[in-house]
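Trainee: This is structure_36.pdb (PDB, C-alpha atoms and all ligand atoms).
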ATOM      1  CA  MET A   1     100.522 101.954 114.595
ATOM      2  CA  GLU A   2      99.030  99.871 111.823
ATOM      3  CA  THR A   3      97.485 101.864 108.998
ATOM      4  CA  LYS A   4      94.428 100.257 107.444
ATOM      5  CA  THR A   5      93.977 101.449 103.893
ATOM      6  CA  SER A   6      91.280 100.571 101.415
ATOM      7  CA  ILE A   7      92.568 100.005  97.921
ATOM      8  CA  ASN A   8      89.951 102.553  96.873
ATOM      9  CA  ASP A   9      92.083 105.137  98.624
ATOM     10  CA  VAL A  10      95.225 104.330  96.719
ATOM     11  CA  SER A  11      94.845 107.167  94.261
ATOM     12  CA  ALA A  12      95.158 109.548  97.186
ATOM     13  CA  PRO A  13      98.492 111.351  97.316
ATOM     14  CA  GLY A  14     100.975 109.579  99.507
ATOM     15  CA  ASN A  15      99.392 106.138  99.244
ATOM     16  CA  SER A  16     102.132 103.725  98.399
ATOM     17  CA  ILE A  17     100.256 101.707  95.794
ATOM     18  CA  LEU A  18      99.754 104.521  93.344
ATOM     19  CA  GLU A  19     102.359 106.882  94.690
ATOM     20  CA  THR A  20     103.730 108.811  91.776
ATOM     21  CA  GLY A  21     106.317 111.173  93.134
ATOM     22  CA  THR A  22     108.943 108.631  94.059
ATOM     23  CA  GLU A  23     108.228 105.672  91.832
ATOM     24  CA  ASN A  24     111.832 105.206  90.955
ATOM     25  CA  SER A  25     113.222 105.916  94.379
ATOM     26  CA  ARG A  26     113.417 102.281  95.482
ATOM     27  CA  LEU A  27     115.023 101.289  92.237
ATOM     28  CA  GLU A  28     117.430 104.164  92.249
ATOM     29  CA  GLY A  29     118.199 103.598  95.895
ATOM     30  CA  GLN A  30     118.833  99.926  95.353
ATOM     31  CA  LEU A  31     120.560  99.913  92.036
ATOM     32  CA  PRO A  32     122.779 102.979  91.864
ATOM     33  CA  SER A  33     123.075 104.439  88.425
ATOM     34  CA  GLY A  34     126.101 103.112  86.604
ATOM     35  CA  GLU A  35     126.526 100.123  88.883
ATOM     36  CA  ASN A  36     125.975  96.714  87.380
ATOM     37  CA  ILE A  37     124.704  94.288  90.019
ATOM     38  CA  VAL A  38     125.899  91.133  88.296
ATOM     39  CA  THR A  39     129.062  89.348  89.294
ATOM     40  CA  SER A  40     131.506  89.328  86.410
ATOM     41  CA  ASN A  41     131.807  86.032  84.562
ATOM     42  CA  GLU A  42     135.550  86.567  84.334
ATOM     43  CA  GLU A  43     136.084  86.416  88.078
ATOM     44  CA  PRO A  44     137.021  83.010  89.501
ATOM     45  CA  PHE A  45     133.905  81.297  90.833
ATOM     46  CA  GLU A  46     133.428  81.471  94.545
ATOM     47  CA  CYS A  47     129.929  81.780  95.949
ATOM     48  CA  ASP A  48     130.874  83.968  98.857
ATOM     49  CA  LEU A  49     127.831  86.078  99.602
ATOM     50  CA  ARG A  50     128.548  87.627 102.940
ATOM     51  CA  ARG A  51     125.628  89.663 104.116
ATOM     52  CA  LEU A  52     125.730  93.210 105.395
ATOM     53  CA  ALA A  53     124.802  93.641 109.036
ATOM     54  CA  LYS A  54     121.039  94.111 109.350
ATOM     55  CA  PRO A  55     118.934  95.174 112.307
ATOM     56  CA  GLN A  56     117.983  92.325 114.633
ATOM     57  CA  SER A  57     114.581  90.933 113.732
ATOM     58  CA  ASP A  58     113.108  91.920 117.097
ATOM     59  CA  GLU A  59     114.212  95.515 116.471
ATOM     60  CA  ILE A  60     112.413  95.449 113.137
ATOM     61  CA  SER A  61     109.238  93.905 114.547
ATOM     62  CA  LEU A  62     109.037  96.449 117.322
ATOM     63  CA  THR A  63     109.134  99.392 114.977
ATOM     64  CA  ALA A  64     107.021  98.375 111.992
ATOM     65  CA  ALA A  65     103.848  96.528 111.039
ATOM     66  CA  PRO A  66     104.595  93.385 109.021
ATOM     67  CA  ILE A  67     104.497  93.849 105.265
ATOM     68  CA  ILE A  68     103.021  90.321 104.944
ATOM     69  CA  GLU A  69     100.667  88.717 107.469
ATOM     70  CA  VAL A  70      99.234  85.241 107.121
ATOM     71  CA  ILE A  71      96.622  84.708 109.832
ATOM     72  CA  ASP A  72      95.030  81.311 110.603
ATOM     73  CA  VAL A  73      95.100  80.382 106.929
ATOM     74  CA  LYS A  74      93.735  77.115 105.617
ATOM     75  CA  LYS A  75      93.759  76.135 101.961
ATOM     76  CA  SER A  76      91.917  73.178 100.485
ATOM     77  CA  TYR A  77      91.324  72.052  96.949
ATOM     78  CA  PHE A  78      88.063  70.343  96.050
ATOM     79  CA  LEU A  79      88.526  67.358  93.775
ATOM     80  CA  GLY A  80      85.361  65.636  92.628
ATOM     81  CA  GLY A  81      83.470  67.300  95.470
ATOM     82  CA  VAL A  82      85.947  65.996  98.047
ATOM     83  CA  GLU A  83      87.888  68.509 100.121
ATOM     84  CA  VAL A  84      91.643  67.965 100.016
ATOM     85  CA  PRO A  85      93.276  70.086 102.724
ATOM     86  CA  ILE A  86      96.703  71.411 101.718
ATOM     87  CA  LEU A  87      97.573  74.115 104.275
ATOM     88  CA  HIS A  88      96.469  73.969 107.919
ATOM     89  CA  ASP A  89      96.315  76.969 110.263
ATOM     90  CA  ILE A  90      99.291  78.818 108.837
ATOM     91  CA  ASN A  91     100.434  81.886 110.760
ATOM     92  CA  LEU A  92     103.347  83.884 109.455
ATOM     93  CA  LYS A  93     104.575  87.461 109.623
ATOM     94  CA  VAL A  94     107.222  88.906 107.346
ATOM     95  CA  GLN A  95     108.743  92.269 108.165
ATOM     96  CA  GLU A  96     109.578  94.871 105.558
ATOM     97  CA  GLY A  97     113.131  94.318 104.339
ATOM     98  CA  GLU A  98     113.259  90.715 105.508
ATOM     99  CA  PHE A  99     114.693  87.862 103.392
ATOM    100  CA  LEU A 100     112.642  84.764 104.206
ATOM    101  CA  ALA A 101     113.323  81.271 102.854
ATOM    102  CA  ILE A 102     110.590  78.634 102.720
ATOM    103  CA  MET A 103     111.776  75.031 102.719
ATOM    104  CA  GLY A 104     110.023  71.680 102.897
ATOM    105  CA  PRO A 105     109.482  68.395 101.068
ATOM    106  CA  SER A 106     107.881  68.234  97.660
ATOM    107  CA  GLY A 107     104.115  68.566  97.975
ATOM    108  CA  SER A 108     104.261  70.155 101.433
ATOM    109  CA  GLY A 109     102.432  73.277 100.218
ATOM    110  CA  LYS A 110     105.260  75.786  99.627
ATOM    111  CA  SER A 111     104.010  77.020  96.246
ATOM    112  CA  THR A 112     100.424  77.023  97.496
ATOM    113  CA  LEU A 113     101.477  79.304 100.366
ATOM    114  CA  MET A 114     103.466  81.543  98.040
ATOM    115  CA  ASN A 115     100.529  81.815  95.642
ATOM    116  CA  LEU A 116      98.355  82.944  98.556
ATOM    117  CA  ILE A 117     100.945  85.511  99.671
ATOM    118  CA  GLY A 118     101.173  86.723  96.068
ATOM    119  CA  PHE A 119      97.382  87.099  95.795
ATOM    120  CA  LEU A 120      97.319  84.561  92.963
ATOM    121  CA  ASP A 121      94.795  82.547  94.974
ATOM    122  CA  ARG A 122      92.505  83.128  97.935
ATOM    123  CA  PRO A 123      92.597  81.188 101.211
ATOM    124  CA  THR A 124      89.766  78.784 102.067
ATOM    125  CA  GLU A 125      89.820  80.223 105.592
ATOM    126  CA  GLY A 126      91.852  82.906 107.319
ATOM    127  CA  LYS A 127      93.386  86.187 106.221
ATOM    128  CA  ILE A 128      96.249  87.299 103.993
ATOM    129  CA  ILE A 129      97.232  90.907 104.592
ATOM    130  CA  ILE A 130      99.748  92.663 102.366
ATOM    131  CA  LYS A 131     100.831  96.189 103.294
ATOM    132  CA  GLY A 132      97.795  96.404 105.568
ATOM    133  CA  LEU A 133      95.351  95.362 102.827
ATOM    134  CA  ASP A 134      93.195  92.283 103.479
ATOM    135  CA  ILE A 135      92.606  90.191 100.353
ATOM    136  CA  ASN A 136      89.194  89.127 101.687
ATOM    137  CA  LYS A 137      88.020  92.738 101.535
ATOM    138  CA  LEU A 138      89.224  93.438  97.998
ATOM    139  CA  SER A 139      87.522  92.831  94.646
ATOM    140  CA  ASP A 140      89.290  90.751  92.006
ATOM    141  CA  LYS A 141      90.173  93.970  90.167
ATOM    142  CA  GLU A 142      91.653  95.529  93.296
ATOM    143  CA  VAL A 143      93.608  92.356  94.028
ATOM    144  CA  ALA A 144      95.011  92.355  90.488
ATOM    145  CA  ARG A 145      96.164  95.950  90.843
ATOM    146  CA  LEU A 146      97.778  95.392  94.235
ATOM    147  CA  ARG A 147      99.522  92.286  92.904
ATOM    148  CA  GLY A 148     100.677  94.063  89.749
ATOM    149  CA  LEU A 149     102.217  96.994  91.584
ATOM    150  CA  GLU A 150     103.463  95.616  94.875
ATOM    151  CA  ILE A 151     104.500  92.027  94.155
ATOM    152  CA  GLY A 152     107.133  90.772  91.729
ATOM    153  CA  PHE A 153     107.176  87.055  90.855
ATOM    154  CA  ILE A 154     110.191  85.008  89.812
ATOM    155  CA  PHE A 155     109.805  81.343  88.858
ATOM    156  CA  GLN A 156     112.139  78.389  88.422
ATOM    157  CA  THR A 157     111.198  78.140  84.735
ATOM    158  CA  PHE A 158     111.544  81.914  84.120
ATOM    159  CA  ASN A 159     108.087  82.099  82.426
ATOM    160  CA  LEU A 160     109.228  84.484  79.701
ATOM    161  CA  ILE A 161     107.120  84.909  76.551
ATOM    162  CA  PRO A 162     109.171  83.228  73.772
ATOM    163  CA  ARG A 163     108.073  85.490  70.900
ATOM    164  CA  LEU A 164     108.896  88.711  72.771
ATOM    165  CA  THR A 165     112.364  90.204  73.170
ATOM    166  CA  ALA A 166     113.966  90.564  76.589
ATOM    167  CA  LEU A 167     113.003  94.240  76.606
ATOM    168  CA  GLU A 168     109.399  93.489  75.623
ATOM    169  CA  ASN A 169     109.190  90.807  78.317
ATOM    170  CA  VAL A 170     110.365  93.269  80.954
ATOM    171  CA  GLU A 171     107.839  95.886  79.806
ATOM    172  CA  LEU A 172     104.947  93.438  79.552
ATOM    173  CA  PRO A 173     103.526  93.776  83.122
ATOM    174  CA  THR A 174     103.107  97.525  82.620
ATOM    175  CA  TYR A 175     100.409  96.953  80.000
ATOM    176  CA  ALA A 176      98.165  95.697  82.819
ATOM    177  CA  ASN A 177      99.400  97.888  85.687
ATOM    178  CA  SER A 178     101.893 100.691  85.924
ATOM    179  CA  ARG A 179     102.722 103.615  88.118
ATOM    180  CA  SER A 180     101.798 106.953  86.642
ATOM    181  CA  GLY A 181     104.610 109.255  85.641
ATOM    182  CA  VAL A 182     107.073 106.460  84.919
ATOM    183  CA  ASN A 183     108.642 106.038  81.488
ATOM    184  CA  THR A 184     108.324 102.268  81.506
ATOM    185  CA  HIS A 185     110.340 101.769  78.308
ATOM    186  CA  GLU A 186     113.333 103.629  79.726
ATOM    187  CA  ARG A 187     112.932 101.898  83.095
ATOM    188  CA  ALA A 188     112.903  98.468  81.402
ATOM    189  CA  LYS A 189     116.123  99.325  79.570
ATOM    190  CA  GLU A 190     117.722 100.584  82.776
ATOM    191  CA  LEU A 191     116.750  97.422  84.647
ATOM    192  CA  LEU A 192     118.202  95.225  81.897
ATOM    193  CA  ARG A 193     121.380  97.262  82.001
ATOM    194  CA  LEU A 194     121.534  96.872  85.776
ATOM    195  CA  VAL A 195     121.282  93.087  85.543
ATOM    196  CA  GLY A 196     124.054  93.100  82.944
ATOM    197  CA  LEU A 197     121.970  92.480  79.834
ATOM    198  CA  GLU A 198     122.268  95.741  77.928
ATOM    199  CA  ASP A 199     123.663  93.830  74.959
ATOM    200  CA  ARG A 200     120.827  91.248  75.017
ATOM    201  CA  MET A 201     117.792  93.567  75.141
ATOM    202  CA  HIS A 202     116.588  92.689  71.694
ATOM    203  CA  HIS A 203     117.218  88.951  71.987
ATOM    204  CA  LYS A 204     114.359  86.517  72.434
ATOM    205  CA  PRO A 205     114.343  83.995  75.322
ATOM    206  CA  GLY A 206     115.418  81.173  72.980
ATOM    207  CA  GLU A 207     118.655  83.073  72.372
ATOM    208  CA  LEU A 208     119.440  83.501  76.079
ATOM    209  CA  SER A 209     121.114  81.193  78.605
ATOM    210  CA  GLY A 210     119.256  80.087  81.744
ATOM    211  CA  GLY A 211     121.043  82.659  83.880
ATOM    212  CA  GLN A 212     120.360  85.425  81.356
ATOM    213  CA  SER A 213     116.696  84.374  81.202
ATOM    214  CA  GLN A 214     116.417  84.523  84.975
ATOM    215  CA  ARG A 215     117.996  87.983  84.980
ATOM    216  CA  VAL A 216     115.356  89.107  82.450
ATOM    217  CA  ALA A 217     112.718  87.623  84.773
ATOM    218  CA  ILE A 218     114.170  89.562  87.719
ATOM    219  CA  ALA A 219     114.125  92.795  85.691
ATOM    220  CA  ARG A 220     110.507  92.049  84.740
ATOM    221  CA  ALA A 221     109.623  91.454  88.400
ATOM    222  CA  LEU A 222     111.111  94.870  89.277
ATOM    223  CA  ILE A 223     109.436  96.866  86.494
ATOM    224  CA  ASN A 224     106.661  98.256  88.716
ATOM    225  CA  ASP A 225     109.006  98.758  91.670
ATOM    226  CA  PRO A 226     107.217  96.242  93.930
ATOM    227  CA  ALA A 227     107.773  96.186  97.672
ATOM    228  CA  ILE A 228     107.881  92.373  97.719
ATOM    229  CA  LEU A 229     109.690  89.825  95.546
ATOM    230  CA  LEU A 230     108.341  86.261  95.617
ATOM    231  CA  ALA A 231     110.722  83.705  94.123
ATOM    232  CA  ASP A 232     109.771  80.037  93.652
ATOM    233  CA  GLU A 233     113.003  78.001  93.289
ATOM    234  CA  PRO A 234     114.673  80.783  91.274
ATOM    235  CA  THR A 235     117.980  78.909  91.025
ATOM    236  CA  GLY A 236     116.450  75.453  90.587
ATOM    237  CA  ASN A 237     117.181  75.259  86.852
ATOM    238  CA  LEU A 238     120.636  76.809  87.011
ATOM    239  CA  ASP A 239     124.145  75.472  87.558
ATOM    240  CA  SER A 240     125.766  76.427  90.855
ATOM    241  CA  LYS A 241     127.833  79.316  89.492
ATOM    242  CA  THR A 242     124.887  80.868  87.675
ATOM    243  CA  GLY A 243     122.680  80.201  90.700
ATOM    244  CA  CYS A 244     125.193  82.059  92.839
ATOM    245  CA  GLU A 245     125.080  85.044  90.473
ATOM    246  CA  ILE A 246     121.292  85.118  90.676
ATOM    247  CA  LEU A 247     121.403  84.794  94.462
ATOM    248  CA  ASN A 248     123.853  87.679  94.533
ATOM    249  CA  ILE A 249     121.285  89.857  92.744
ATOM    250  CA  PHE A 250     118.635  88.896  95.316
ATOM    251  CA  LYS A 251     121.072  89.594  98.133
ATOM    252  CA  LYS A 252     121.807  93.091  96.826
ATOM    253  CA  LEU A 253     118.133  93.884  96.274
ATOM    254  CA  ASN A 254     117.380  92.753  99.825
ATOM    255  CA  GLU A 255     120.307  94.593 101.380
ATOM    256  CA  ASP A 256     118.875  97.744  99.859
ATOM    257  CA  GLY A 257     115.522  97.134 101.512
ATOM    258  CA  ARG A 258     113.341  94.977  99.270
ATOM    259  CA  THR A 259     111.385  92.225 101.037
ATOM    260  CA  ILE A 260     112.102  88.775  99.576
ATOM    261  CA  VAL A 261     110.317  85.467 100.114
ATOM    262  CA  MET A 262     112.093  82.587  98.383
ATOM    263  CA  ILE A 263     111.195  78.914  98.116
ATOM    264  CA  THR A 264     114.231  76.678  97.890
ATOM    265  CA  HIS A 265     115.163  73.032  98.381
ATOM    266  CA  ASP A 266     118.808  74.000  98.831
ATOM    267  CA  PRO A 267     119.882  74.516 102.478
ATOM    268  CA  GLU A 268     122.952  76.454 101.344
ATOM    269  CA  ILE A 269     120.774  78.954  99.494
ATOM    270  CA  ALA A 270     118.329  79.129 102.414
ATOM    271  CA  GLY A 271     121.347  79.905 104.596
ATOM    272  CA  TYR A 272     121.602  83.334 102.971
ATOM    273  CA  ALA A 273     118.124  84.256 104.201
ATOM    274  CA  ASP A 274     117.417  86.049 107.485
ATOM    275  CA  ARG A 275     114.976  83.324 108.511
ATOM    276  CA  ILE A 276     113.870  79.910 107.313
ATOM    277  CA  VAL A 277     110.330  78.566 107.575
ATOM    278  CA  PHE A 278     109.937  74.788 107.190
ATOM    279  CA  LEU A 279     106.656  73.417 105.871
ATOM    280  CA  LYS A 280     105.675  69.769 106.225
ATOM    281  CA  ASP A 281     102.275  68.364 105.271
ATOM    282  CA  GLY A 282     100.880  71.888 105.118
ATOM    283  CA  ILE A 283     101.981  72.804 108.636
ATOM    284  CA  ILE A 284     104.760  75.197 109.633
ATOM    285  CA  GLN A 285     107.303  73.132 111.554
ATOM    286  CA  SER A 286     109.630  75.896 112.510
ATOM    287  CA  ASN A 287     109.190  79.632 112.370
ATOM    288  CA  ALA A 288     112.054  81.140 114.299
ATOM    289  CA  GLU A 289     111.502  84.911 114.436
TER     290      GLU A 289
HETATM  291  N1  LIG B 301      95.242  73.418  91.713
HETATM  292  C1  LIG B 301      95.373  72.329  92.463
HETATM  293  N2  LIG B 301      94.389  71.439  92.567
HETATM  294  C2  LIG B 301      94.501  70.355  93.354
HETATM  295  N3  LIG B 301      95.601  70.066  94.091
HETATM  296  C3  LIG B 301      96.624  70.929  94.004
HETATM  297  C4  LIG B 301      96.576  72.103  93.191
HETATM  298  N4  LIG B 301      97.751  72.773  93.344
HETATM  299  C5  LIG B 301      98.494  72.037  94.186
HETATM  300  N5  LIG B 301      97.829  70.949  94.578
HETATM  301  C6  LIG B 301      98.315  69.937  95.528
HETATM  302  O1  LIG B 301      98.694  70.621  96.707
HETATM  303  C7  LIG B 301      99.813  69.968  97.300
HETATM  304  C8  LIG B 301     100.894  71.015  97.566
HETATM  305  O2  LIG B 301     101.376  71.487  96.318
HETATM  306  P1  LIG B 301     102.506  72.602  96.240
HETATM  307  O3  LIG B 301     102.789  72.845  94.797
HETATM  308  O4  LIG B 301     102.092  73.763  97.074
HETATM  309  O5  LIG B 301     103.718  71.858  96.945
HETATM  310  P2  LIG B 301     105.253  72.278  97.010
HETATM  311  O6  LIG B 301     105.685  72.124  98.432
HETATM  312  O7  LIG B 301     105.463  73.614  96.392
HETATM  313  O8  LIG B 301     105.920  71.140  96.127
HETATM  314  P3  LIG B 301     107.244  71.150  95.198
HETATM  315  O9  LIG B 301     108.419  71.328  96.130
HETATM  316  O10 LIG B 301     107.220  69.804  94.563
HETATM  317  O11 LIG B 301     107.084  72.275  94.209
HETATM  318  C9  LIG B 301     100.242  68.876  96.343
HETATM  319  O12 LIG B 301      99.759  67.652  96.830
HETATM  320  C10 LIG B 301      99.568  69.248  95.053
HETATM  321  O13 LIG B 301      99.264  68.108  94.288
END
Represent the supplied structure as structure tokens.
Ligand SMILES: Nc1ncnc2c1ncn2[C@@H]1O[C@H](COP(=O)(O)OP(=O)(O)OP(=O)(O)O)[C@@H](O)[C@H]1O

Mentor:
Amino acid sequence: METKTSINDVSAPGNSILETGTENSRLEGQLPSGENIVTSNEEPFECDLRRLAKPQSDEISLTAAPIIEVIDVKKSYFLGGVEVPILHDINLKVQEGEFLAIMGPSGSGKSTLMNLIGFLDRPTEGKIIIKGLDINKLSDKEVARLRGLEIGFIFQTFNLIPRLTALENVELPTYANSRSGVNTHERAKELLRLVGLEDRMHHKPGELSGGQSQRVAIARALINDPAILLADEPTGNLDSKTGCEILNIFKKLNEDGRTIVMITHDPEIAGYADRIVFLKDGIIQSNAE
């Protein structure tokens, strides 16, 4: 049964958005203490990311409400008073724990769709529902809080703040939103250790490689223990070996239950997802569920 929750209720005990008792449970469950989730650089390179067996998608959909629902969504931009339609009647459901890849030509609307799913923008028409919460019924402040706690973003260009250290970058989102009862400084250090960067915590982005920068960005995306990771071409700026290492991190996070939506132009990378959605001219071409 679907549970409709107002974001005003989130301070109530048991509500997932502000839940305080088990803030670290997803992290601890996914990234066991002492286990580094990065493939060693010394191993010979072979991007062999076999996936663990997962429940069939129809089993998942029968037992749970989708964590992401996009319902009859249209998105237009208005340029000089003229409406430019970008997305047309998009319908999409993503189940909790699913790894979804979004593919499509440049300009087809992939990032626009991801920005809507990530509550960075509002649809022109239609509904976006995340964890049962409808963006159309939330204030900007409520949207910001939901986004800050439940959605982690990872971008092709890493988007780290150059004058901050890796550790400070990872901690940064918690200045706007954090879960009560969490020692965010210690959690940031633990996340950096888990992505293999314990010896780079106090380095600034200019002193890090592309792969190291993306690992900092992944740690930053995980700082508030979000249910959903949204990644826009996360391996697009990386060589194939480093891209494979980053994909391996995503794979492990997903195998332990985190929902991932990833934009990619690379069919091989999309092949690691549970499902691929193809966008063309703002229309979903294929949405095999
Ligand atoms: N803020 C904006 N104002 C006006 N038009 C925009 C805006 N953002 C995106 N667009 C247009 O929307 C269309 C879709 O852009 P989007 O970035 O979603 O495509 P994409 O599929 O992610 O492309 P790429 O693979 O090149 O990143 C493009 O034609 C783009 O120019």

Trainee: What gap, in Å, lies between CA of His265 (chain A) and CA of Asp225 (chain A)?

Mentor: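 Between these atoms lies a distance of 27.3 Å.
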
Trainee: Once the PyMOL selection byres (((chain A and resi 100) around 6) and not hetatm) has been applied to the shown file, what residues remain in the selection, as a compact mmCIF listing (two decimals) with C-alpha atoms, in the coordinates of the input?

Mentor:
# COMPACT_ATOMS: atom_id res chain seq x y z
CA PHE A 99 114.69 87.86 103.39
CA ALA A 101 113.32 81.27 102.85
CA VAL A 261 110.32 85.47 100.11
CA ALA A 273 118.12 84.26 104.20
CA ASP A 274 117.42 86.05 107.48
CA ARG A 275 114.98 83.32 108.51
CA ILE A 276 113.87 79.91 107.31

Trainee: So that I can see what lies close to Gly243 (chain A), please list as a ChimeraX atom specification the residues with an atom at most 10 Å from it, counting all atoms listed in the file and leaving out residues fewer than 4 positions away in the same chain.

Mentor: /A:47,210-211,214,234-239,247-249,269

Trainee: Just need the box for ligand LIG 301 (chain B), edges along x, y and z, holding every atom the file lists for it with 3 Å tacked onto each side, so centre and edge lengths in Å to one decimal, as AutoDock Vina command-line options.

Mentor:
--center_x 101.4 --center_y 70.7 --center_z 95.1 --size_x 20.0 --size_y 12.1 --size_z 12.7

Trainee: So the first atom is CA of Gly104 (chain A) and the second is CA of Ala231 (chain A); what is the distance between them in Å, to one decimal place?

Mentor: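 Atom-to-atom, CA of Gly104 (chain A) and CA of Ala231 (chain A) are spaced 14.9 Å apart.
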
Trainee: Please find the residues contacting ligand LIG 301 (chain B) at a distance of at most 7 Å between atoms, with all atoms listed in the file counted, and report them as JSON, numbers by chain.

Mentor: {"A": [77, 78, 79, 86, 104, 105, 106, 107, 108, 109, 110, 111, 112, 113]}

Trainee: For this file, the PyMOL selection byres (((chain A and resi 151) around 10) and not hetatm) selects which residues, as a PyMOL selection string?

Mentor: chain A and resi 117-119+130+145-150+152-153+221-222+224-230+259-260

Trainee: Using all atoms listed in the file, which residue out of A:Ile128, A:Met201, A:Ile102, A:Leu116 lies closest to Pro267 (chain A)?

Mentor: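 Looking at the shortest contact to Pro267 (chain A), the residue is A:Ile102.
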
Trainee: Could you list, as an MDAnalysis selection string, every residue matched by the PyMOL selection byres (((chain A and resi 164) around 12) and not hetatm) in this structure?

Mentor: chainID A and resid 159:163 165:172 201:207 216

Trainee: Report, in Å to a single decimal, how far apart CA of Val143 (chain A) and CA of Leu194 (chain A) are.

Mentor: 29.5 Å

Trainee: Since fewer atoms than expected are present, regenerate N, CA and C atoms for region 82-99 of chain A and write them as an mmCIF file, in the coordinates of the input.

Mentor:
data_model
loop_
_atom_site.group_PDB
_atom_site.id
_atom_site.type_symbol
_atom_site.label_atom_id
_atom_site.label_comp_id
_atom_site.auth_asym_id
_atom_site.auth_seq_id
_atom_site.Cartn_x
_atom_site.Cartn_y
_atom_site.Cartn_z
ATOM 1 N N VAL A 82 85.296 66.392 96.785
ATOM 2 C CA VAL A 82 85.947 65.996 98.047
ATOM 3 C C VAL A 82 86.988 67.054 98.424
ATOM 4 N N GLU A 83 86.929 67.494 99.660
ATOM 5 C CA GLU A 83 87.888 68.509 100.121
ATOM 6 C C GLU A 83 89.244 67.863 100.394
ATOM 7 N N VAL A 84 90.279 68.444 99.765
ATOM 8 C CA VAL A 84 91.643 67.965 100.016
ATOM 9 C C VAL A 84 92.400 69.099 100.716
ATOM 10 N N PRO A 85 92.575 69.008 102.032
ATOM 11 C CA PRO A 85 93.276 70.086 102.724
ATOM 12 C C PRO A 85 94.764 70.094 102.378
ATOM 13 N N ILE A 86 95.282 71.277 102.093
ATOM 14 C CA ILE A 86 96.703 71.411 101.718
ATOM 15 C C ILE A 86 97.470 72.183 102.793
ATOM 16 N N LEU A 87 96.930 73.320 103.211
ATOM 17 C CA LEU A 87 97.573 74.115 104.275
ATOM 18 C C LEU A 87 96.648 74.155 105.493
ATOM 19 N N HIS A 88 97.256 74.028 106.684
ATOM 20 C CA HIS A 88 96.469 73.969 107.919
ATOM 21 C C HIS A 88 96.926 75.069 108.880
ATOM 22 N N ASP A 89 96.049 75.972 109.209
ATOM 23 C CA ASP A 89 96.315 76.969 110.263
ATOM 24 C C ASP A 89 97.710 77.584 110.166
ATOM 25 N N ILE A 90 97.988 78.176 109.032
ATOM 26 C CA ILE A 90 99.291 78.818 108.837
ATOM 27 C C ILE A 90 99.257 80.227 109.419
ATOM 28 N N ASN A 91 100.239 80.530 110.242
ATOM 29 C CA ASN A 91 100.434 81.886 110.760
ATOM 30 C C ASN A 91 101.876 82.298 110.479
ATOM 31 N N LEU A 92 102.009 83.448 109.867
ATOM 32 C CA LEU A 92 103.347 83.884 109.455
ATOM 33 C C LEU A 92 103.348 85.403 109.313
ATOM 34 N N LYS A 93 104.407 86.018 109.830
ATOM 35 C CA LYS A 93 104.575 87.461 109.623
ATOM 36 C C LYS A 93 105.923 87.687 108.972
ATOM 37 N N VAL A 94 105.953 88.551 107.986
ATOM 38 C CA VAL A 94 107.222 88.906 107.346
ATOM 39 C C VAL A 94 107.373 90.418 107.461
ATOM 40 N N GLN A 95 108.500 90.835 107.998
ATOM 41 C CA GLN A 95 108.743 92.269 108.165
ATOM 42 C C GLN A 95 109.298 92.884 106.886
ATOM 43 N N GLU A 96 109.037 94.166 106.711
ATOM 44 C CA GLU A 96 109.578 94.871 105.558
ATOM 45 C C GLU A 96 111.101 94.769 105.575
ATOM 46 N N GLY A 97 111.673 94.421 104.439
ATOM 47 C CA GLY A 97 113.131 94.318 104.339
ATOM 48 C C GLY A 97 113.678 92.963 104.733
ATOM 49 N N GLU A 98 112.800 92.042 105.100
ATOM 50 C CA GLU A 98 113.259 90.715 105.508
ATOM 51 C C GLU A 98 113.505 89.835 104.277
ATOM 52 N N PHE A 99 114.430 88.879 104.422
ATOM 53 C CA PHE A 99 114.693 87.862 103.392
ATOM 54 C C PHE A 99 114.321 86.536 104.039
#
